[in-house]
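Novice: Structure: structure_21.csv, CSV, C-alpha atoms.
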```csv
chain,number,residue,atom,x,y,z
S,2,MET,CA,143.3,60.9,146.0
S,3,ALA,CA,145.0,57.9,144.3
S,4,ARG,CA,145.9,58.3,140.6
S,5,ARG,CA,143.9,55.8,138.5
S,6,VAL,CA,146.3,53.8,136.2
S,7,VAL,CA,145.0,51.2,133.7
S,8,LEU,CA,147.2,48.7,131.9
S,9,ALA,CA,145.9,47.4,128.5
S,10,VAL,CA,148.2,44.5,127.6
S,11,SER,CA,147.2,41.3,125.8
S,12,GLN,CA,149.9,39.1,127.4
S,13,ARG,CA,148.5,38.0,130.8
S,14,GLU,CA,151.9,37.3,132.4
S,15,TYR,CA,153.3,40.6,131.4
S,16,ALA,CA,150.3,42.5,132.6
S,17,ALA,CA,150.3,40.7,136.0
S,18,LYS,CA,154.0,41.3,136.6
S,19,LEU,CA,153.9,45.0,135.6
S,20,ALA,CA,150.8,45.6,137.7
S,21,GLU,CA,152.4,44.0,140.7
S,22,TYR,CA,155.6,46.0,140.4
S,23,LEU,CA,153.7,49.3,140.0
S,24,ARG,CA,151.6,48.5,143.1
S,25,GLU,CA,154.8,47.9,145.1
S,26,GLU,CA,156.6,51.0,143.9
S,27,GLN,CA,153.7,53.5,143.6
S,28,SER,CA,151.5,53.0,146.6
S,29,ASP,CA,149.5,56.1,145.7
S,30,TRP,CA,148.5,54.7,142.3
S,31,ASP,CA,145.3,52.7,141.9
S,32,ILE,CA,146.3,50.0,139.3
S,33,ALA,CA,144.0,47.9,137.1
S,34,ALA,CA,145.2,45.5,134.4
S,35,PHE,CA,143.2,44.2,131.4
S,36,THR,CA,144.2,41.8,128.7
S,37,HIS,CA,141.0,41.8,126.5
S,38,GLU,CA,139.5,44.6,124.4
S,39,SER,CA,136.0,44.0,125.8
S,40,ALA,CA,137.2,44.3,129.4
S,41,ILE,CA,138.9,47.6,128.8
S,42,ARG,CA,135.8,48.9,127.0
S,43,ARG,CA,133.6,48.0,129.9
S,44,GLU,CA,136.0,49.7,132.3
S,45,LEU,CA,135.9,53.0,130.4
S,46,GLN,CA,132.1,52.7,129.9
S,47,GLU,CA,131.1,51.9,133.4
S,48,ASN,CA,133.9,53.1,135.7
S,49,ARG,CA,135.2,56.5,136.6
S,50,SER,CA,137.7,58.4,134.5
S,51,VAL,CA,141.3,57.2,134.1
S,52,ASP,CA,144.3,59.4,134.9
S,53,LEU,CA,146.7,57.3,132.9
S,54,LEU,CA,146.2,54.5,130.3
S,55,ILE,CA,149.3,52.4,129.3
S,56,GLY,CA,148.8,49.8,126.6
S,57,GLN,CA,149.7,48.2,123.4
S,58,LEU,CA,148.8,50.0,120.1
S,59,ASP,CA,146.0,47.7,119.0
S,60,LEU,CA,144.2,47.9,122.3
S,61,LEU,CA,144.5,51.6,122.5
S,62,HIS,CA,143.0,52.1,119.1
S,63,ALA,CA,140.1,49.9,120.1
S,64,VAL,CA,139.1,52.3,123.0
S,65,ASP,CA,140.1,55.6,121.4
S,66,GLU,CA,136.5,56.7,121.3
S,67,TRP,CA,136.5,57.2,125.1
S,68,SER,CA,139.7,59.4,125.0
S,69,GLU,CA,137.8,62.3,126.8
S,70,ARG,CA,137.8,60.1,129.9
S,71,ILE,CA,141.5,59.5,129.8
S,72,GLY,CA,144.0,62.0,131.3
S,73,LYS,CA,147.0,60.7,129.4
S,74,THR,CA,147.8,57.7,127.2
S,75,MET,CA,151.1,56.0,126.7
S,76,VAL,CA,151.8,53.2,124.2
S,77,LEU,CA,154.1,50.3,124.8
S,78,VAL,CA,156.3,49.6,121.8
S,79,GLU,CA,159.1,47.1,121.1
S,80,GLU,CA,161.1,49.8,119.3
S,81,LYS,CA,160.7,53.6,119.3
S,82,SER,CA,159.1,55.4,116.3
S,83,GLN,CA,156.5,52.7,115.5
S,84,ASN,CA,154.0,55.2,114.3
S,85,ALA,CA,152.3,55.6,117.6
S,86,GLY,CA,151.0,59.0,116.5
S,87,LYS,CA,149.7,61.2,119.2
S,88,TRP,CA,150.7,58.9,122.1
S,89,GLN,CA,153.9,59.0,124.2
S,90,GLU,CA,156.0,55.9,123.4
S,91,ILE,CA,157.4,53.7,126.2
S,92,LEU,CA,159.7,50.7,125.5
S,93,GLN,CA,157.8,47.6,126.5
S,94,PHE,CA,160.7,45.2,127.1
S,95,GLN,CA,163.2,46.9,129.5
S,96,PRO,CA,164.1,46.5,133.2
S,97,LEU,CA,161.2,47.3,135.5
S,98,PRO,CA,162.9,50.3,137.2
S,99,GLY,CA,163.6,51.8,133.7
S,100,LEU,CA,160.0,51.2,132.6
S,101,LEU,CA,158.6,53.0,135.7
S,102,SER,CA,161.2,55.8,135.3
S,103,SER,CA,160.0,56.3,131.7
S,104,ILE,CA,156.4,56.4,132.8
S,105,LYS,CA,157.0,59.0,135.5
S,106,ASP,CA,159.2,61.1,133.2
S,107,ALA,CA,156.4,61.3,130.7
S,108,LEU,CA,153.9,62.3,133.4
S,109,VAL,CA,156.2,65.0,134.8
S,110,SER,CA,156.7,66.5,131.3
S,111,GLU,CA,153.0,67.5,131.3
S,112,THR,CA,152.3,68.2,135.0
S,113,VAL,CA,155.2,70.6,135.6
S,114,VAL,CA,155.1,74.2,134.5
S,115,ILE,CA,158.5,75.3,133.1
S,116,ARG,CA,160.1,78.4,134.6
S,117,LYS,CA,163.3,80.1,133.6
S,118,GLY,CA,166.1,80.6,136.1
S,119,CYS,CA,166.8,79.2,139.5
S,120,GLN,CA,163.9,78.9,141.9
S,121,VAL,CA,164.3,79.3,145.7
S,122,VAL,CA,162.0,77.2,147.9
S,123,THR,CA,162.1,77.5,151.7
S,124,VAL,CA,160.6,74.8,154.0
S,125,PHE,CA,159.6,76.8,157.1
S,126,SER,CA,157.9,76.3,160.4
S,127,ALA,CA,156.9,78.5,163.2
S,128,SER,CA,157.7,75.8,165.7
S,129,GLY,CA,160.0,72.8,166.1
S,130,GLY,CA,158.9,69.2,165.7
S,131,THR,CA,157.0,69.5,162.4
S,132,GLY,CA,159.4,67.4,160.4
S,133,LYS,CA,160.7,70.3,158.4
S,134,THR,CA,164.2,68.9,157.7
S,135,THR,CA,162.8,65.5,156.7
S,136,VAL,CA,160.4,67.1,154.3
S,137,ALA,CA,163.2,69.4,152.8
S,138,LEU,CA,165.5,66.4,152.3
S,139,ASN,CA,162.7,64.3,150.7
S,140,LEU,CA,161.8,67.2,148.4
S,141,VAL,CA,165.4,67.8,147.3
S,142,ARG,CA,166.0,64.1,146.6
S,143,GLN,CA,162.8,63.7,144.5
S,144,ALA,CA,163.4,67.0,142.7
S,145,GLY,CA,166.8,65.6,141.8
S,146,GLU,CA,165.2,62.4,140.5
S,147,ARG,CA,163.0,64.6,138.3
S,148,GLY,CA,166.2,66.0,136.7
S,149,LEU,CA,166.4,69.3,138.6
S,150,ARG,CA,169.8,70.5,139.5
S,151,THR,CA,169.5,71.2,143.2
S,152,PHE,CA,171.4,72.9,146.0
S,153,TYR,CA,170.4,72.1,149.6
S,154,LEU,CA,171.1,75.0,152.0
S,155,ASN,CA,170.6,74.2,155.7
S,156,MET,CA,170.3,77.4,157.8
S,157,GLU,CA,169.6,75.9,161.2
S,158,ALA,CA,171.7,77.2,164.1
S,159,LEU,CA,172.1,73.6,165.4
S,160,ASN,CA,172.4,71.4,162.3
S,161,SER,CA,172.3,67.6,162.6
S,162,THR,CA,172.4,66.7,158.9
S,163,SER,CA,176.1,65.8,159.2
S,164,ALA,CA,174.8,62.3,159.9
S,165,LEU,CA,173.8,62.2,156.3
S,166,PHE,CA,176.3,64.5,154.7
S,167,GLY,CA,179.4,63.7,156.7
S,168,LYS,CA,181.6,66.0,158.8
S,169,GLY,CA,183.5,67.8,156.0
S,170,GLU,CA,184.9,71.3,156.5
S,171,PRO,CA,183.1,73.0,159.4
S,172,ASP,CA,184.4,76.5,158.5
S,173,SER,CA,183.0,76.5,154.9
S,174,LEU,CA,180.1,78.9,155.5
S,175,SER,CA,182.3,81.3,157.6
S,176,ARG,CA,184.8,81.6,154.7
S,177,LEU,CA,182.1,82.0,152.1
S,178,LEU,CA,180.3,84.7,154.0
S,179,TYR,CA,183.6,86.5,154.6
S,180,THR,CA,184.4,86.3,150.9
S,181,LEU,CA,181.0,87.8,150.0
S,182,GLN,CA,181.6,90.8,152.2
S,183,ALA,CA,185.4,91.4,151.8
S,184,HIS,CA,186.3,89.9,148.4
S,185,PRO,CA,183.2,89.4,146.3
S,186,GLU,CA,185.4,89.1,143.1
S,187,GLN,CA,186.7,85.8,144.6
S,188,TRP,CA,183.2,84.3,145.3
S,189,VAL,CA,183.2,81.9,142.4
S,190,GLY,CA,186.6,80.4,143.3
S,191,GLN,CA,185.6,80.0,147.0
S,192,PHE,CA,182.3,78.5,146.0
S,193,GLU,CA,184.0,75.9,143.8
S,194,GLN,CA,186.3,75.1,146.7
S,195,HIS,CA,183.6,74.6,149.4
S,196,CYS,CA,180.7,73.2,147.4
S,197,ARG,CA,180.2,69.5,147.9
S,198,HIS,CA,177.9,66.9,146.3
S,199,GLN,CA,175.7,64.2,147.9
S,200,PRO,CA,175.1,61.5,145.3
S,201,TYR,CA,172.2,59.7,147.1
S,202,LEU,CA,170.3,63.0,147.4
S,203,ARG,CA,171.5,64.2,144.0
S,204,THR,CA,172.2,67.6,145.5
S,205,ASP,CA,175.1,70.0,146.2
S,206,PHE,CA,175.5,71.6,149.7
S,207,PHE,CA,177.8,73.3,152.1
S,208,ASP,CA,179.2,71.5,155.2
S,209,ALA,CA,177.5,72.2,158.4
S,210,PRO,CA,179.5,74.4,160.9
S,211,ASP,CA,180.4,72.9,164.3
S,212,HIS,CA,179.3,76.1,166.1
S,213,PRO,CA,176.0,78.0,165.6
S,214,GLY,CA,177.7,81.5,165.5
S,215,GLU,CA,177.4,82.0,161.7
S,216,ARG,CA,173.7,81.2,161.7
S,217,LEU,CA,172.9,83.3,164.8
S,218,ALA,CA,174.8,86.3,163.4
S,219,LEU,CA,173.2,86.2,160.0
S,220,THR,CA,171.6,89.4,158.7
S,221,SER,CA,169.0,89.8,156.1
S,222,GLU,CA,171.4,91.6,153.8
S,223,LEU,CA,174.0,88.9,154.0
S,224,LEU,CA,171.4,86.2,153.5
S,225,ALA,CA,170.2,87.9,150.3
S,226,ARG,CA,173.8,88.2,149.0
S,227,LEU,CA,174.4,84.5,149.8
S,228,LEU,CA,171.3,83.4,147.9
S,229,GLU,CA,172.1,85.6,144.9
S,230,GLY,CA,175.7,84.3,144.9
S,231,ILE,CA,174.5,80.7,144.6
S,232,ARG,CA,171.9,81.6,142.0
S,233,GLU,CA,174.4,83.5,139.9
S,234,THR,CA,176.6,80.5,139.5
S,235,GLY,CA,174.1,79.3,136.9
S,236,ARG,CA,174.4,75.7,138.1
S,237,TYR,CA,171.0,75.2,139.7
S,238,ASP,CA,167.4,75.0,138.9
S,239,LEU,CA,166.4,74.8,142.6
S,240,ILE,CA,167.8,76.1,145.9
S,241,MET,CA,166.1,74.3,148.8
S,242,ILE,CA,166.4,76.2,152.0
S,243,ASP,CA,166.0,74.5,155.4
S,244,PRO,CA,166.1,77.2,158.2
S,245,ASP,CA,165.3,76.8,161.8
S,246,SER,CA,162.0,78.0,163.2
S,247,GLY,CA,162.2,81.6,164.3
S,248,ALA,CA,160.6,85.1,164.1
S,249,GLY,CA,163.7,87.1,163.4
S,250,ASP,CA,164.1,89.7,160.6
S,251,TRP,CA,166.2,87.3,158.4
S,252,HIS,CA,163.5,84.6,158.8
S,253,ARG,CA,160.9,87.0,157.5
S,254,ASN,CA,163.2,88.3,154.8
S,255,LEU,CA,163.8,84.7,153.7
S,256,VAL,CA,160.1,84.2,153.1
S,257,GLU,CA,160.1,87.4,151.1
S,258,LEU,CA,163.2,86.3,149.0
S,259,SER,CA,161.8,82.8,148.3
S,260,ASP,CA,159.8,82.0,145.2
S,261,ARG,CA,157.8,79.5,147.2
S,262,VAL,CA,157.5,78.7,150.9
S,263,VAL,CA,156.4,75.3,152.2
S,264,TRP,CA,155.1,76.3,155.7
S,265,MET,CA,155.0,73.1,157.8
S,266,ALA,CA,152.5,72.5,160.7
S,267,ILE,CA,151.2,69.5,162.6
S,268,ASP,CA,147.8,68.8,164.0
S,269,ASP,CA,148.7,70.1,167.4
S,270,THR,CA,147.2,73.1,169.2
S,271,GLN,CA,150.5,74.8,170.1
S,272,SER,CA,152.0,74.3,166.6
S,273,LEU,CA,148.9,75.8,164.9
S,274,MET,CA,148.7,78.7,167.5
S,275,LYS,CA,152.4,79.6,167.0
S,276,ALA,CA,151.9,79.6,163.2
S,277,ASP,CA,148.9,81.9,163.5
S,278,LYS,CA,150.7,84.3,165.9
S,279,LEU,CA,153.8,84.5,163.7
S,280,LEU,CA,151.6,85.3,160.7
S,281,ARG,CA,149.9,88.0,162.6
S,282,TYR,CA,153.2,89.4,163.9
S,283,TRP,CA,154.6,89.6,160.3
S,284,GLY,CA,151.2,90.7,159.0
S,285,ALA,CA,151.8,93.9,157.1
S,286,GLN,CA,155.2,92.9,155.7
S,287,LEU,CA,153.7,89.7,154.2
S,288,VAL,CA,150.3,90.9,153.1
S,289,ASP,CA,151.3,90.8,149.4
S,290,LYS,CA,153.4,87.7,149.8
S,291,MET,CA,150.8,85.2,151.0
S,292,ASP,CA,150.2,83.7,147.5
S,293,LYS,CA,153.7,82.2,147.6
S,294,ILE,CA,153.1,80.4,150.9
S,295,MET,CA,151.8,76.8,150.8
S,296,PHE,CA,150.6,75.4,154.1
S,297,VAL,CA,151.4,71.7,154.6
S,298,LEU,CA,150.2,69.5,157.4
S,299,ASN,CA,152.7,66.8,158.4
S,300,LYS,CA,152.3,63.6,160.5
S,301,GLY,CA,148.7,63.4,159.5
S,302,GLN,CA,146.4,60.6,160.7
S,303,SER,CA,143.6,59.0,158.8
S,304,GLY,CA,140.2,60.4,159.7
S,305,GLY,CA,140.9,64.1,159.3
S,306,MET,CA,142.2,66.7,161.7
S,307,VAL,CA,141.5,66.8,165.5
S,308,ASN,CA,142.0,70.6,165.8
S,309,ARG,CA,140.3,73.3,163.8
S,310,TRP,CA,142.2,74.7,160.8
S,311,GLU,CA,142.4,78.5,161.3
S,312,LEU,CA,145.5,79.3,159.1
S,313,PRO,CA,144.9,80.9,155.7
S,314,GLY,CA,142.9,78.8,153.3
S,315,ILE,CA,140.0,76.4,153.9
S,316,SER,CA,142.4,73.6,154.7
S,317,PRO,CA,146.1,72.8,154.2
S,318,THR,CA,147.3,72.6,150.6
S,319,ALA,CA,148.9,69.2,151.2
S,320,PHE,CA,148.8,66.5,153.8
S,321,LEU,CA,151.9,64.3,154.6
S,322,PRO,CA,151.3,60.9,156.4
S,323,TYR,CA,152.7,60.0,159.8
S,324,ILE,CA,155.3,57.2,159.5
S,325,PRO,CA,155.5,55.6,163.0
S,326,GLN,CA,158.6,53.5,162.1
S,327,TRP,CA,160.6,56.7,161.9
S,328,LYS,CA,160.5,57.2,165.7
S,329,ALA,CA,163.3,54.6,166.1
S,330,VAL,CA,165.3,55.5,163.0
S,331,ASP,CA,169.0,55.7,163.6
S,332,GLN,CA,170.0,55.8,159.9
S,333,PRO,CA,169.1,59.1,158.2
S,334,ARG,CA,168.7,57.5,154.8
S,335,ARG,CA,165.7,55.5,156.2
S,336,LEU,CA,163.8,58.8,156.3
S,337,LEU,CA,163.9,58.9,152.5
S,338,GLY,CA,162.5,55.4,151.8
S,339,ALA,CA,158.8,55.2,152.9
S,340,PRO,CA,156.6,54.7,149.8
S,341,ALA,CA,153.5,56.4,151.3
S,342,PHE,CA,155.6,59.5,152.3
S,343,ALA,CA,157.4,59.5,148.9
S,344,GLY,CA,154.1,59.5,147.1
S,345,ALA,CA,152.9,62.5,149.1
S,346,ILE,CA,156.2,64.3,148.4
S,347,GLU,CA,155.7,63.7,144.6
S,348,ARG,CA,152.2,65.3,144.8
S,349,LEU,CA,153.7,68.2,146.8
S,350,LEU,CA,156.3,68.7,144.1
S,351,ASP,CA,153.5,68.8,141.5
S,352,HIS,CA,151.8,71.6,143.6
S,353,LEU,CA,155.0,73.6,143.6
S,354,LYS,CA,155.3,73.4,139.8
S,355,LEU,CA,159.0,74.0,139.8
S,356,GLY,CA,159.8,72.9,136.3
S,357,GLY,CA,163.4,72.1,135.1
S,358,ASN,CA,165.2,69.9,132.7
S,359,SER,CA,164.3,66.4,131.6
S,360,PRO,CA,165.5,63.7,134.0
S,361,SER,CA,169.2,63.1,133.5
S,362,SER,CA,170.6,60.2,131.5
S,363,ARG,CA,172.4,59.2,134.7
S,364,ARG,CA,169.1,58.4,136.3
S,365,ARG,CA,168.0,56.2,133.4
S,366,LYS,CA,171.3,54.4,133.4
S,367,GLU,CA,171.0,53.7,137.1
S,368,GLY,CA,167.7,52.0,136.4
S,369,GLU,CA,169.2,50.0,133.6
S,370,GLY,CA,172.2,49.1,135.6
S,371,HIS,CA,170.1,47.6,138.3
S,372,GLY,CA,168.2,45.6,135.7
S,373,SER,CA,170.4,42.5,136.1
S,374,GLN,CA,169.3,42.3,139.8
S,375,ARG,CA,165.7,43.2,139.3
S,376,THR,CA,162.9,41.5,137.4
S,377,HIS,CA,162.8,41.9,133.6
S,378,ILE,CA,159.3,41.4,132.2
S,379,ARG,CA,158.6,39.7,128.9
S,380,GLY,CA,155.4,39.0,127.1
S,381,ALA,CA,154.1,35.4,127.3
S,382,GLY,CA,154.8,33.6,124.1
```
What's the structure tokens form of this structure?
Specialist:
Amino acid sequence: MARRVVLAVSQREYAAKLAEYLREEQSDWDIAAFTHESAIRRELQENRSVDLLIGQLDLLHAVDEWSERIGKTMVLVEEKSQNAGKWQEILQFQPLPGLLSSIKDALVSETVVIRKGCQVVTVFSASGGTGKTTVALNLVRQAGERGLRTFYLNMEALNSTSALFGKGEPDSLSRLLYTLQAHPEQWVGQFEQHCRHQPYLRTDFFDAPDHPGERLALTSELLARLLEGIRETGRYDLIMIDPDSGAGDWHRNLVELSDRVVWMAIDDTQSLMKADKLLRYWGAQLVDKMDKIMFVLNKGQSGGMVNRWELPGISPTAFLPYIPQWKAVDQPRRLLGAPAFAGAIERLLDHLKLGGNSPSSRRRKEGEGHGSQRTHIRGAG
């Protein structure tokens, strides 16, 4: 369901430009803009409740009596600390990307439950073709945009993410796993040496091996030691794990070790049957772990599901849209730029309630730095 966002700004030109920009950047927001007190009053009196009200101080005071119908209110100010009182302050005159960033930051600060320590999230599937890696990469990128310090760990036997991350050092994982077993006291130094950073995704990672041997020979015990080693560096709020589909012991153990599991499926008979069979196979071992599993349907079409949903729960926790343009994508970064998919990933992150730090100053600076090339909005004089 679209988030209802109402703008209350007296300058007509400013309101129109801001509304247009938000519609372009946030396809999952239902935007309405009003410039007169009477129109805003009528909207709150006659229309449905508002998820977010953004406006100037005088107009907000005029409709404060309907505050119970408003999820969150933000006030636009020319300078911070202008006695806005109970409302979150947003600088009115700033580059559009920075303005949107401020709005989203304020929303995240209330919708996310803060947890201590590093969280482990696994994006899993019982069968191939569900878009698991695409979802994991989008999750890690948008978690990074929220200010979480992330580590992306691809555990696929045949890893194709080098198209996005580059070739690097193919023996990284072999050396790290050997260190964990033979020289655990040297782990931190080896981790420092082999850990790399991908700035576009805002995440750290290990280079993918050329051969699948390390993944195929992985044991549950070694997997647990690897995750604990990464967690104990103290560098991360989130470890995002992207394994291949499988029914082995370490796959089940990964589900048990994770704080949350995003279990991917598509509206396809075989995909749903394989998921159901694997859950039955693991049955007793996962009986007290089911509350950590979130079932997500990818490549969804409008009009509902064709097949009957028989996995746990009345229906999937989240639906991700089908993006037909991705069929011909030859540049991996294009899998991270579809507005409809990005909006669905944002909602999925809200469901996960990962928590973390406030978005970094680097992100805000990036928005400001692009301001000279993007529209600046000013009130009509």
Novice: List the neighbours of Ala248 of chain S out to 12 Å using all atoms listed in the file; skip same-chain residues closer than 4 positions along the sequence, and give me the result as a list in words.
Specialist: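 Within the cut-off, the hits are Phe125, Ser126, Ala127, Ser128, Pro244, His252, Arg253, Asn254, Leu255, Val256, Lys275, Ala276, Lys278, Leu279, Leu280, Arg281, Tyr282 and Trp283 of chain S.
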Novice: If you measure from atom CA of Pro322 of chain S to atom CA of Lys300 of chain S, what distance in Å do you get, rounded to one decimal?
Specialist: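 Taking atom CA of Pro322 of chain S as the start and atom CA of Lys300 of chain S as the end point, the length is 5.0 Å.
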Novice: Excluding same-chain residues fewer than 5 positions from Ala9 of chain S, what lies within 9 Å of it counting all atoms listed in the file, as a ChimeraX atom specification?
Specialist: /S:16,33-38,41,54-57,60-61
Novice: Rank nothing, just name the residue among S:Asp243, S:Ser103, S:Val136, S:Thr180 nearest to Leu154 of chain S, using all atoms listed in the file.
Specialist: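 Of S:Asp243, S:Ser103, S:Val136, S:Thr180, the one nearest Leu154 of chain S is S:Asp243, counting all atoms listed in the file.
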Novice: Separation of atom CA of Leu138 of chain S and atom CA of Leu202 of chain S, in Å?
Specialist: 7.7 Å
Novice: Using all atoms listed in the file, determine which residues lie at most 10 Å from Gln194 of chain S, disregarding the query and same-chain residues fewer than 4 positions distant; provide the list as a PDB file with C-alpha atoms, keeping the file's coordinate frame.
Specialist:
```pdb
ATOM      1  CA  SER S 173     183.000  76.500 154.900  1.00  0.00           C
ATOM      2  CA  LEU S 177     182.100  82.000 152.100  1.00  0.00           C
ATOM      3  CA  TRP S 188     183.200  84.300 145.300  1.00  0.00           C
ATOM      4  CA  VAL S 189     183.200  81.900 142.400  1.00  0.00           C
ATOM      5  CA  GLY S 190     186.600  80.400 143.300  1.00  0.00           C
TER       6      GLY S 190
END
```
Novice: So how many Å separate atom CA of Glu311 of chain S and atom CA of Met291 of chain S, to one decimal?
Specialist: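 Computing the Euclidean distance for atom CA of Glu311 of chain S and atom CA of Met291 of chain S yields 14.9 Å.
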Novice: So that I can see what lies close to Ser50 of chain S, please list as a PyMOL selection string the residues with an atom at most 10 Å from it, counting all atoms listed in the file and leaving out residues fewer than 2 positions away in the same chain.
Specialist: chain S and resi 5-6+44-48+52-53+67-72
Novice: For Thr135 of chain S, list every protein, DNA or RNA residue within 12 Å, evaluated using only C-alpha atoms, and leave out those in the same chain fewer than 4 positions away; present the list as an MDAnalysis selection string.
Specialist: chainID S and resid 124:125 130:131 139:142 155 161:162 165 243 265 299:300 321 323:324 327 333:339 342:343 346
Novice: Restricting the calculation to all atoms listed in the file, which member of S:Glu233, S:Glu257, S:Asp245, S:Asp65 is positioned closest to Lys290 of chain S?
Specialist: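 Nearest to Lys290 of chain S: S:Glu257.
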Novice: Please define a box with edges along x, y and z of the file around all atoms of segment 41-52 of chain S given in the file, extend it by 6 Å on each side, and return its centre and edge lengths in Å to one decimal, as AutoDock Vina command-line options.
Specialist:
```
--center_x 137.7 --center_y 53.5 --center_z 131.8 --size_x 25.2 --size_y 23.8 --size_z 21.6
```
Novice: Counting all atoms listed in the file, which of S:Ala158, S:Ala319, S:Val64, S:Met75 gets nearest to Leu353 of chain S?
Specialist: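 Of S:Ala158, S:Ala319, S:Val64, S:Met75, the one nearest Leu353 of chain S, counting all atoms listed in the file, is S:Ala319.
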Novice: Which is closest to Tyr201 of chain S among S:Lys18, S:Glu80, S:Ser39, S:Phe166, if we use all atoms listed in the file?
Specialist: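 Of the candidates, the smallest distance to Tyr201 of chain S is held by S:Phe166.
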